[in-house]
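Shown next: model.cif, containing mmCIF, C-alpha atoms.
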```
data_structure
loop_
_atom_site.label_atom_id
_atom_site.label_comp_id
_atom_site.auth_asym_id
_atom_site.auth_seq_id
_atom_site.Cartn_x
_atom_site.Cartn_y
_atom_site.Cartn_z
CA MET I 1 -59.92 46.18 3.05
CA PHE I 2 -58.79 43.44 5.36
CA ARG I 3 -58.00 41.18 2.42
CA HIS I 4 -56.01 43.99 0.75
CA SER I 5 -54.03 44.78 3.84
CA ARG I 6 -53.28 41.12 4.41
CA LEU I 7 -52.14 40.74 0.80
CA MET I 8 -49.99 43.82 1.13
CA GLY I 9 -48.53 42.43 4.32
CA ILE I 10 -47.59 39.18 2.58
CA ILE I 11 -45.99 41.09 -0.30
CA LEU I 12 -44.00 43.27 2.07
CA PHE I 13 -42.94 40.23 4.09
CA MET I 14 -41.71 38.40 0.96
CA ALA I 15 -39.94 41.51 -0.27
CA GLY I 16 -38.21 41.71 3.07
CA LEU I 17 -37.12 38.10 2.75
CA VAL I 18 -35.71 38.70 -0.73
CA ALA I 19 -33.90 41.83 0.43
CA GLY I 20 -32.47 39.98 3.39
CA GLN I 21 -31.25 37.14 1.20
CA SER I 22 -29.68 39.60 -1.15
CA VAL I 23 -27.70 41.19 1.63
CA CYS I 24 -26.52 37.84 2.93
CA ALA I 25 -25.67 36.52 -0.54
CA HIS I 26 -23.31 39.42 -1.26
CA ALA I 27 -21.50 39.43 2.05
CA ALA I 28 -18.54 37.11 1.77
CA LEU I 29 -15.87 36.72 4.37
CA ILE I 30 -12.61 35.17 3.32
CA VAL I 31 -9.90 34.54 5.85
CA ALA I 32 -6.51 33.67 4.46
CA GLU I 33 -3.40 32.85 6.40
CA THR I 34 -0.01 31.42 5.68
CA ALA I 35 0.91 28.12 7.20
CA GLN I 36 3.72 25.63 7.22
CA ALA I 37 3.03 22.57 5.17
CA ILE I 38 4.55 19.23 4.37
CA ARG I 39 5.47 18.76 0.74
CA LEU I 40 6.44 15.40 -0.66
CA HIS I 41 7.84 14.67 -4.05
CA ALA I 42 7.45 11.10 -5.27
CA GLN I 43 9.44 9.94 -8.25
CA TYR I 44 11.21 6.98 -9.80
CA ASP I 45 14.97 6.70 -9.79
CA THR I 46 14.82 7.58 -13.48
CA GLY I 47 13.57 11.01 -12.46
CA ALA I 48 10.08 10.36 -13.78
CA PRO I 49 7.39 11.58 -11.38
CA MET I 50 4.92 9.28 -9.64
CA SER I 51 2.00 11.14 -11.16
CA HIS I 52 -1.47 10.80 -9.69
CA ALA I 53 -0.30 8.37 -6.99
CA GLN I 54 -2.40 7.75 -3.91
CA VAL I 55 -1.15 9.39 -0.71
CA ILE I 56 -2.30 8.33 2.75
CA ILE I 57 -1.30 10.33 5.82
CA TYR I 58 -1.00 8.92 9.33
CA ALA I 59 -0.76 11.21 12.37
CA PRO I 60 1.45 10.41 15.38
CA ASP I 61 -1.41 10.02 17.83
CA ASN I 62 -3.27 7.42 15.75
CA PRO I 63 -0.78 5.75 13.41
CA ALA I 64 -3.05 2.83 12.54
CA SER I 65 -5.82 4.92 10.97
CA PRO I 66 -5.53 7.40 8.10
CA TRP I 67 -5.52 11.06 9.12
CA GLY I 68 -6.04 12.17 5.56
CA GLN I 69 -5.44 11.21 1.97
CA GLY I 70 -5.03 12.65 -1.48
CA VAL I 71 -3.38 12.23 -4.86
CA THR I 72 -0.07 13.53 -6.16
CA ASP I 73 -0.18 15.96 -9.03
CA ARG I 74 1.29 15.37 -12.47
CA ALA I 75 4.74 16.26 -11.14
CA GLY I 76 4.44 13.74 -8.30
CA ARG I 77 4.01 16.44 -5.67
CA PHE I 78 1.57 16.53 -2.79
CA GLU I 79 1.19 19.03 0.02
CA PHE I 80 -0.79 19.10 3.22
CA ILE I 81 -0.87 21.09 6.43
CA PRO I 82 -0.56 18.88 9.51
CA ASP I 83 -2.28 19.79 12.72
CA ALA I 84 -0.37 20.63 15.89
CA THR I 85 0.25 17.02 16.87
CA GLU I 86 3.94 16.49 17.51
CA GLY I 87 5.68 13.25 16.71
CA ARG I 88 6.24 11.09 13.67
CA TRP I 89 3.93 11.68 10.74
CA SER I 90 3.94 8.87 8.21
CA LEU I 91 3.15 9.26 4.54
CA GLN I 92 2.34 6.33 2.31
CA VAL I 93 2.51 6.73 -1.46
CA ARG I 94 1.09 3.94 -3.64
CA GLN I 95 0.90 3.45 -7.35
CA ALA I 96 0.33 0.44 -9.61
CA GLY I 97 0.75 -2.16 -6.92
CA HIS I 98 3.85 -0.66 -5.33
CA GLY I 99 4.30 1.72 -2.48
CA VAL I 100 6.81 3.67 -0.49
CA MET I 101 6.68 5.12 2.98
CA ALA I 102 8.16 8.33 4.32
CA HIS I 103 8.29 9.65 7.85
CA VAL I 104 8.56 13.19 9.15
CA GLN I 105 9.26 14.07 12.76
CA ILE I 106 7.46 17.23 13.74
CA GLY I 107 8.22 19.11 16.91
CA GLY I 108 11.35 19.91 18.86
CA VAL I 109 13.99 22.20 17.43
CA ALA I 110 13.36 21.38 13.79
CA PRO I 111 11.57 18.80 11.77
CA VAL I 112 13.64 15.75 11.05
CA VAL I 113 13.28 14.98 7.39
CA ILE I 114 13.59 11.37 6.39
CA THR I 115 13.86 10.39 2.79
CA ALA I 116 12.13 7.13 2.04
CA THR I 117 13.65 4.96 -0.59
CA GLY I 118 12.28 1.92 -2.31
CA ALA I 119 15.10 -0.60 -2.24
CA HIS I 120 14.37 -2.04 -5.62
CA GLU I 121 17.45 -2.23 -7.79
CA TRP I 122 15.60 -1.77 -11.03
CA LEU I 123 12.29 -0.33 -9.91
CA GLN I 124 13.24 2.21 -7.32
CA ARG I 125 10.79 4.73 -6.03
CA LEU I 126 11.75 7.74 -3.99
CA VAL I 127 9.77 10.00 -1.78
CA MET I 128 11.42 13.20 -0.74
CA VAL I 129 9.77 15.13 2.01
CA ALA I 130 10.28 18.73 3.01
CA LEU I 131 8.69 21.21 5.34
CA VAL I 132 7.63 24.19 3.33
CA ALA I 133 5.53 27.26 3.78
CA TRP I 134 2.66 28.27 1.66
CA GLY I 135 2.93 31.95 0.84
CA GLY I 136 6.07 32.49 2.89
CA LEU I 137 6.77 32.20 6.56
CA GLY I 138 4.78 34.30 8.93
CA THR I 139 1.45 34.57 10.55
CA ALA I 140 -0.11 37.24 8.40
CA LEU I 141 -3.83 37.28 8.49
CA PHE I 142 -5.83 38.75 5.69
CA VAL I 143 -9.45 39.54 5.96
CA LEU I 144 -11.22 40.31 2.78
CA ARG I 145 -14.71 41.54 3.19
CA ASN I 146 -16.74 41.74 0.04
CA ARG I 147 -20.24 43.00 0.53
CA GLY I 148 -21.04 42.95 -3.12
CA ARG I 149 -22.34 45.62 -5.46
CA ARG I 150 -25.31 46.49 -3.31
CA ASP I 151 -23.20 47.46 -0.32
CA ALA I 152 -20.46 48.99 -2.43
CA SER I 153 -22.90 51.56 -3.73
CA ALA I 154 -24.17 52.37 -0.27
CA MET T 1 -26.64 -28.76 14.27
CA PRO T 2 -25.99 -25.44 12.52
CA ARG T 3 -24.69 -24.02 15.81
CA PHE T 4 -22.38 -27.00 16.17
CA LEU T 5 -21.08 -26.44 12.66
CA LEU T 6 -20.54 -22.77 13.38
CA LEU T 7 -18.64 -23.65 16.54
CA CYS T 8 -16.49 -26.11 14.62
CA ALA T 9 -15.82 -23.49 11.97
CA ALA T 10 -14.91 -20.93 14.61
CA LEU T 11 -12.54 -23.34 16.33
CA SER T 12 -10.92 -24.30 13.05
CA PHE T 13 -10.07 -20.65 12.37
CA ALA T 14 -9.09 -19.92 15.96
CA PRO T 15 -5.36 -20.67 15.54
CA PHE T 16 -5.05 -17.84 12.99
CA ALA T 17 -7.44 -15.36 14.51
CA LEU T 18 -5.93 -12.02 15.46
CA GLN T 19 -5.70 -12.75 19.17
CA ALA T 20 -4.74 -10.01 21.60
CA GLY T 21 -1.00 -9.76 22.01
CA SER T 22 -0.29 -11.92 18.99
CA LEU T 23 1.10 -11.64 15.50
CA THR T 24 -0.19 -13.75 12.62
CA LEU T 25 1.90 -14.35 9.52
CA PHE T 26 0.45 -14.80 6.07
CA ALA T 27 1.95 -15.61 2.67
CA SER T 28 0.38 -14.50 -0.59
CA GLY T 29 0.92 -14.71 -4.32
CA GLU T 30 -1.96 -12.25 -4.75
CA ASP T 31 -4.71 -12.81 -7.31
CA LEU T 32 -2.18 -13.75 -9.98
CA ALA T 33 -1.54 -16.95 -8.00
CA THR T 34 -5.14 -17.85 -7.24
CA GLU T 35 -6.73 -16.67 -10.50
CA GLY T 36 -3.75 -16.90 -12.81
CA PHE T 37 -2.80 -14.61 -15.66
CA SER T 38 -5.85 -13.93 -17.79
CA ALA T 39 -6.76 -11.08 -20.13
CA PRO T 40 -5.99 -8.29 -19.80
CA LYS T 41 -3.43 -9.49 -17.26
CA LEU T 42 -1.62 -11.86 -19.63
CA THR T 43 2.12 -12.41 -19.37
CA LYS T 44 4.20 -9.78 -21.11
CA ASP T 45 4.45 -12.07 -24.15
CA GLY T 46 0.74 -12.80 -24.29
CA TRP T 47 0.34 -16.12 -22.45
CA ALA T 48 -2.57 -16.98 -20.18
CA LEU T 49 -1.42 -18.95 -17.16
CA GLU T 50 -3.48 -21.15 -14.90
CA PHE T 51 -1.68 -22.50 -11.86
CA SER T 52 -2.54 -25.79 -10.21
CA ARG T 53 0.16 -25.44 -7.54
CA ILE T 54 2.62 -22.80 -6.41
CA MET T 55 4.70 -24.31 -3.64
CA ALA T 56 6.87 -21.87 -1.71
CA THR T 57 8.99 -22.49 1.38
CA PHE T 58 9.46 -19.63 3.85
CA ASP T 59 12.00 -19.68 6.67
CA GLN T 60 14.22 -17.45 8.83
CA ILE T 61 11.26 -15.22 9.56
CA THR T 62 11.69 -12.38 12.04
CA ALA T 63 9.27 -9.57 12.77
CA TRP T 64 10.93 -6.36 13.91
CA GLN T 65 10.08 -3.21 15.78
CA THR T 66 12.46 -0.60 14.41
CA ASP T 67 12.99 3.03 15.40
CA PRO T 68 13.87 4.84 13.23
CA PRO T 69 11.85 2.82 10.77
CA PHE T 70 13.83 0.40 8.62
CA MET T 71 13.60 1.56 5.03
CA ALA T 72 14.77 -1.61 3.24
CA GLU T 73 18.11 -0.08 2.27
CA SER T 74 20.25 -3.04 3.34
CA ALA T 75 20.12 -6.62 4.55
CA GLU T 76 20.76 -5.58 8.16
CA ILE T 77 17.81 -4.66 10.36
CA ALA T 78 18.31 -3.14 13.81
CA GLY T 79 15.56 -3.22 16.40
CA ALA T 80 13.59 -5.47 18.70
CA ALA T 81 13.37 -8.88 17.05
CA LEU T 82 10.64 -11.47 17.24
CA PRO T 83 12.01 -14.66 15.64
CA ILE T 84 9.42 -17.06 14.28
CA SER T 85 10.22 -20.74 13.93
CA GLY T 86 9.91 -22.25 10.48
CA PRO T 87 10.13 -23.42 7.83
CA PHE T 88 6.69 -23.28 6.25
CA THR T 89 5.95 -24.85 2.88
CA VAL T 90 2.63 -23.68 1.48
CA ASP T 91 0.62 -23.79 -1.74
CA LEU T 92 -0.21 -20.19 -2.67
CA VAL T 93 -2.94 -21.33 -5.08
CA THR T 94 -5.05 -22.76 -2.28
CA ALA T 95 -5.32 -19.41 -0.50
CA ALA T 96 -8.37 -17.98 1.17
CA GLU T 97 -10.65 -15.45 -0.55
CA ASP T 98 -8.21 -12.68 0.33
CA ASP T 99 -5.48 -14.59 -1.57
CA ARG T 100 -3.56 -15.23 1.65
CA VAL T 101 -2.37 -18.43 3.32
CA ALA T 102 -2.00 -18.32 7.09
CA LEU T 103 1.31 -19.69 8.34
CA THR T 104 1.31 -19.28 12.09
CA THR T 105 0.28 -17.11 15.02
CA VAL T 106 2.78 -16.28 17.75
CA ASP T 107 2.67 -14.33 20.99
CA ALA T 108 3.99 -10.82 20.46
CA THR T 109 4.95 -7.95 22.72
CA PRO T 110 2.72 -4.94 22.05
CA GLY T 111 4.19 -2.47 19.60
CA HIS T 112 4.38 -1.70 15.92
CA TYR T 113 6.07 -4.44 13.91
CA ASN T 114 7.22 -2.26 11.05
CA ALA T 115 9.83 -4.50 9.46
CA LEU T 116 9.98 -8.14 8.46
CA SER T 117 12.84 -10.33 7.35
CA TRP T 118 12.32 -13.70 5.75
CA ALA T 119 13.84 -16.08 3.26
CA LEU T 120 12.70 -18.31 0.48
CA VAL T 121 14.67 -21.51 1.02
CA PRO T 122 14.71 -24.93 -0.59
CA GLY T 123 12.06 -27.19 0.91
CA ALA T 124 12.12 -30.94 1.35
CA ASP T 125 12.08 -31.40 -2.44
CA GLY T 126 15.15 -29.17 -2.85
CA PHE T 127 13.25 -26.24 -4.36
CA SER T 128 12.26 -22.94 -2.81
CA LEU T 129 9.59 -22.16 -5.40
CA VAL T 130 7.77 -24.51 -7.77
CA LEU T 131 5.07 -23.28 -10.13
CA THR T 132 2.95 -25.88 -11.91
CA GLY T 133 0.16 -25.16 -14.36
CA ILE T 134 -1.15 -24.77 -17.89
CA ALA T 135 -0.18 -22.00 -20.30
CA ARG T 136 -2.34 -21.04 -23.27
CA LYS T 137 -1.74 -18.82 -26.28
CA ASP T 138 -3.19 -18.78 -29.80
CA GLY T 139 -4.76 -22.23 -29.46
CA GLN T 140 -1.57 -23.71 -28.03
CA GLU T 141 -1.78 -25.34 -24.62
CA VAL T 142 1.34 -26.21 -22.62
CA ALA T 143 1.69 -27.98 -19.28
CA PHE T 144 4.63 -26.60 -17.36
CA THR T 145 6.59 -26.79 -14.14
CA LEU T 146 9.03 -24.04 -13.27
CA ARG T 147 11.24 -24.61 -10.26
CA ALA T 148 13.86 -22.54 -8.46
CA ALA T 149 16.37 -23.81 -5.92
CA ASP T 150 17.70 -20.40 -4.86
CA SER T 151 17.84 -19.23 -1.27
CA VAL T 152 16.71 -15.61 -1.24
CA LEU T 153 16.84 -13.39 1.83
CA HIS T 154 14.39 -10.49 2.09
CA ALA T 155 14.87 -7.57 4.47
CA CYS T 156 11.64 -5.63 4.24
CA GLY T 157 10.35 -2.38 5.62
CA GLU T 158 6.79 -1.74 6.66
CA TYR T 159 3.91 -3.61 5.06
CA LEU T 160 2.11 -1.39 2.57
CA GLY T 161 -1.44 -1.99 1.43
CA ASP T 162 -5.01 -0.92 1.86
CA MET T 163 -4.55 -0.97 5.62
CA ARG T 164 -1.51 -0.24 7.74
CA LYS T 165 -0.53 -3.40 9.59
CA GLY T 166 1.57 -4.69 12.41
CA PHE T 167 0.11 -2.88 15.44
CA VAL T 168 -0.03 -5.36 18.34
CA THR T 169 -1.75 -4.12 21.48
CA GLU T 170 -2.78 -5.61 24.81
CA THR T 171 -6.29 -5.97 23.46
CA ALA T 172 -5.75 -6.70 19.78
CA GLY T 173 -3.55 -8.83 17.58
CA ALA T 174 -2.02 -7.91 14.25
CA ASP T 175 -0.88 -9.58 11.08
CA LEU T 176 1.90 -9.26 8.54
CA GLU T 177 2.28 -10.68 5.06
CA MET T 178 5.06 -12.00 2.85
CA THR T 179 4.01 -11.34 -0.72
CA LEU T 180 5.32 -12.77 -3.97
CA HIS T 181 4.67 -10.56 -7.01
CA LEU T 182 4.41 -13.08 -9.84
CA ASP T 183 4.22 -10.35 -12.47
CA HIS T 184 7.88 -9.69 -11.71
CA LEU T 185 8.52 -13.21 -13.00
CA PHE T 186 6.23 -13.27 -16.04
CA GLY T 187 5.64 -9.59 -16.81
CA ARG T 188 2.27 -8.11 -17.70
CA ALA T 189 0.78 -7.51 -21.15
CA ASP T 190 -1.37 -4.70 -19.78
CA LYS T 191 1.74 -2.71 -18.86
CA PRO T 192 3.97 -0.91 -21.36
CA SER T 193 6.66 -3.11 -22.85
CA ASP T 194 9.29 -0.65 -21.64
CA ASP T 195 7.93 -0.70 -18.10
CA GLU T 196 10.81 -1.48 -15.73
CA MET T 197 8.94 -4.51 -14.43
CA ASN T 198 8.48 -5.94 -17.92
CA LEU T 199 12.10 -5.25 -18.81
CA GLY T 200 13.22 -7.34 -15.85
CA ALA T 201 10.64 -10.13 -16.09
CA LEU T 202 11.30 -13.44 -17.87
CA GLY T 203 7.93 -13.78 -19.58
CA PHE T 204 6.80 -17.25 -20.69
CA ASP T 205 8.06 -17.66 -24.26
CA GLY T 206 11.23 -19.26 -22.95
CA PHE T 207 9.20 -22.07 -21.41
CA ALA T 208 6.79 -22.59 -24.31
CA THR T 209 8.10 -26.09 -24.98
CA GLY T 210 6.38 -27.15 -21.77
CA GLY T 211 7.66 -29.66 -19.26
CA VAL T 212 10.04 -28.93 -16.40
CA HIS T 213 12.31 -25.90 -16.45
CA ASP T 214 14.80 -24.77 -13.83
CA ILE T 215 14.83 -21.05 -13.24
CA THR T 216 16.73 -18.68 -10.98
CA LEU T 217 15.15 -16.02 -8.81
CA LYS T 218 18.27 -13.85 -8.89
CA GLY T 219 17.46 -10.34 -9.99
CA LEU T 220 13.71 -10.90 -10.20
CA HIS T 221 12.63 -9.33 -6.87
CA LEU T 222 9.48 -11.33 -6.36
CA GLY T 223 9.41 -10.75 -2.61
CA HIS T 224 7.52 -7.86 -1.06
CA VAL T 225 5.48 -7.06 2.04
CA GLY T 226 2.17 -6.23 0.43
CA GLU T 227 3.22 -3.39 -1.86
CA GLY T 228 6.20 -2.53 0.31
CA HIS T 229 9.75 -3.14 -0.80
CA CYS T 230 12.40 -5.53 0.43
CA HIS T 231 16.14 -5.57 0.14
CA VAL T 232 16.82 -8.83 -1.67
CA SER T 233 19.98 -10.91 -1.54
CA THR T 234 20.73 -14.49 -2.47
CA PHE T 235 22.81 -16.74 -0.26
#
```

Can the structure in the file be given as structure tokens, please?
Amino acid sequence: MFRHSRLMGIILFMAGLVAGQSVCAHAALIVAETAQAIRLHAQYDTGAPMSHAQVIIYAPDNPASPWGQGVTDRAGRFEFIPDATEGRWSLQVRQAGHGVMAHVQIGGVAPVVITATGAHEWLQRLVMVALVAWGGLGTALFVLRNRGRRDASA
Amino acid sequence: MPRFLLLCAALSFAPFALQAGSLTLFASGEDLATEGFSAPKLTKDGWALEFSRIMATFDQITAWQTDPPFMAESAEIAGAALPISGPFTVDLVTAAEDDRVALTTVDATPGHYNALSWALVPGADGFSLVLTGIARKDGQEVAFTLRAADSVLHACGEYLGDMRKGFVTETAGADLEMTLHLDHLFGRADKPSDDEMNLGALGFDGFATGGVHDITLKGLHLGHVGEGHCHVSTF
């Protein structure tokens, strides 16, 4: 009797664990918000994009160490969302042994956009930088709660 | 004895260590100078090059703190200048493991040295750049010397490379580098033939007879700061 009740207890305990995991696994919380971002477009003076070029980002409060990095897409574009640090953000784009630098002043009335230009006469690289918004300007906050099929039927 | 040797080694490197409040200048021809052009990095016309000497003379060097940052659009740089006495004639083949040759270390006011102007000028032998070595292709072996007497002024923006450079502080020194991209002279076989660099480069076929050839640096844009660009003008 004791052995049966203990076995039943273990089974009930494990069933409870499985049920608990199931509830947790189907409860997803997604928070989405729009934000202003920096978009750079790196290209040659021929108009050809600097595809898949390395991008290194330096923040104003620690300009000697990378704040972040990434790779341009096929069109030579790269986007990131800076934090609230005001000052000069510097963006380094490198490809095939050559690089260009761009700087963006953030803060004050409006961002000062500086276009960086490689001064090569026959191998010019350009980085155009703009402040853009992902999903439009605003501070909309979307909360999507998906409890999964189990909760949906409840 | 080993400790003594270590001390000697340390003292021998001391003049070019990154001392607090100092700026150290390096020159580099990158790995193409120290290791030469070898497959797949042959010249654009398929030559392997092995250099025994690459003598370059640097002068009129000034490190700058510029705000807004100088973007190498012209020969004129505005900012706080740190002139560095020269000239310096160095062999870029005998560089350290990092392919750099140390020129000098000077005291520097703390700040970010984000621009550098410098010139290649004729040295005591009358040439600003002399490349000596052996070229090989299809069983042919040619001893060559290429020499340029041009004076070329470089007005460069910020050094670009694996690390951002030029930050001098009260507690740390910094370094900057003048870089010669030799593939802009000879081209590269591992790049497309219609690559802008290959279109502008001389290659080596024109020197295949061997011996001494005079060349001009006009329009070649060898000078950089790491991977960063320079405005180039001859004078």

| task | For each of I:Gly107, I:Gly99, I:Pro82, I:Pro49, take the minimum atom-to-atom distance to chain T, counting all atoms listed in the file, then give the residue where this is smallest. | result |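 Comparing I:Gly107, I:Gly99, I:Pro82, I:Pro49 against chain T, the winner is I:Gly99.
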
| request: Return the neighbours of chain I among the residues of chain T, cut-off 6 Å, counting only C-alpha atoms, as a list in words. | output: Ala72, Glu73, Arg164, Glu227, Gly228, His229 and His231 of chain T

| task | With a distance cut-off of 7 Å and only C-alpha atoms, select the neighbouring residues of Phe127 in chain T, excluding the residue or stretch itself and same-chain residues fewer than 6 positions from it, and output the selection as a VMD selection string. | result | chain T and resid 147 to 149

| task | Can you turn the PyMOL selection byres ((chain I and resi 74) around 12) into a concrete residue list for this file, as a PyMOL selection string? | result | chain I and resi 41-43+48-53+71-73+75-78

| message | Evaluated on this file, the PyMOL selection byres ((chain T and resi 188) around 9) picks out some residues - which ones are they, written as a PyMOL selection string? | response | chain T and resi 37+40-46+183-184+186-187+189-193+197-198+201+203

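Proximity ranking of T:Glu196, T:Asp67, T:Asp175, T:Asp150 relative to Gln105 in chain I places T:Asp67 first, based on all atoms listed in the file.
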
| said: Can you measure CA of His112 in chain T to CA of Phe167 in chain T for me? One decimal in Å is fine. | reply: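 It comes out at 4.5 Å.
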
| field | Distance query Ile81 in chain I at most 7 Å, all atoms listed in the file, self and fewer than 3 positions along chain excluded, as an MDAnalysis selection string | value | chainID I and resid 36:38

| query | Quick one: distance from CA of Cys156 in chain T to CA of Val225 in chain T in Å, one decimal? | reply | 6.7 Å

| query | Which is closer to Met178 in chain T than all the others in T:Leu49, T:Leu220, T:Leu153, T:Ala78, using only C-alpha atoms? | reply |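 Going through T:Leu49, T:Leu220, T:Leu153, T:Ala78 one by one, the smallest distance to Met178 in chain T is for T:Leu153.
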
| task | Using the chain letters and numbers from the file, give me the residues hit by the PyMOL selection byres ((chain T and resi 94) around 12), as a PyMOL selection string. | result | chain T and resi 27-31+33-35+51-56+90-93+95-102

| task | Measure the distance from CA of Ala81 in chain T to CA of Ala63 in chain T in Å and round it to one decimal. | result |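 Answer for the CA of Ala81 in chain T to CA of Ala63 in chain T separation: 6.0 Å.
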
| query | Hey, can you pull every residue with an atom no more than 10 Å from (-0.7, -5.4, 14.7), using only C-alpha atoms, and send it as a ChimeraX atom specification? | reply | /I:64 /T:18-24,108,110-114,164-169,172-176

Expected file contents, prior selection, C-alpha atoms, as a compact mmCIF listing (two decimals), in the coordinates of the input:
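out-v1.txt was written with the following content:
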```txt
# COMPACT_ATOMS: atom_id res chain seq x y z
CA ALA I 64 -3.05 2.83 12.54
CA LEU T 18 -5.93 -12.02 15.46
CA GLN T 19 -5.70 -12.75 19.17
CA ALA T 20 -4.74 -10.01 21.60
CA GLY T 21 -1.00 -9.76 22.01
CA SER T 22 -0.29 -11.92 18.99
CA LEU T 23 1.10 -11.64 15.50
CA THR T 24 -0.19 -13.75 12.62
CA ALA T 108 3.99 -10.82 20.46
CA PRO T 110 2.72 -4.94 22.05
CA GLY T 111 4.19 -2.47 19.60
CA HIS T 112 4.38 -1.70 15.92
CA TYR T 113 6.07 -4.44 13.91
CA ASN T 114 7.22 -2.26 11.05
CA ARG T 164 -1.51 -0.24 7.74
CA LYS T 165 -0.53 -3.40 9.59
CA GLY T 166 1.57 -4.69 12.41
CA PHE T 167 0.11 -2.88 15.44
CA VAL T 168 -0.03 -5.36 18.34
CA THR T 169 -1.75 -4.12 21.48
CA ALA T 172 -5.75 -6.70 19.78
CA GLY T 173 -3.55 -8.83 17.58
CA ALA T 174 -2.02 -7.91 14.25
CA ASP T 175 -0.88 -9.58 11.08
CA LEU T 176 1.90 -9.26 8.54
```
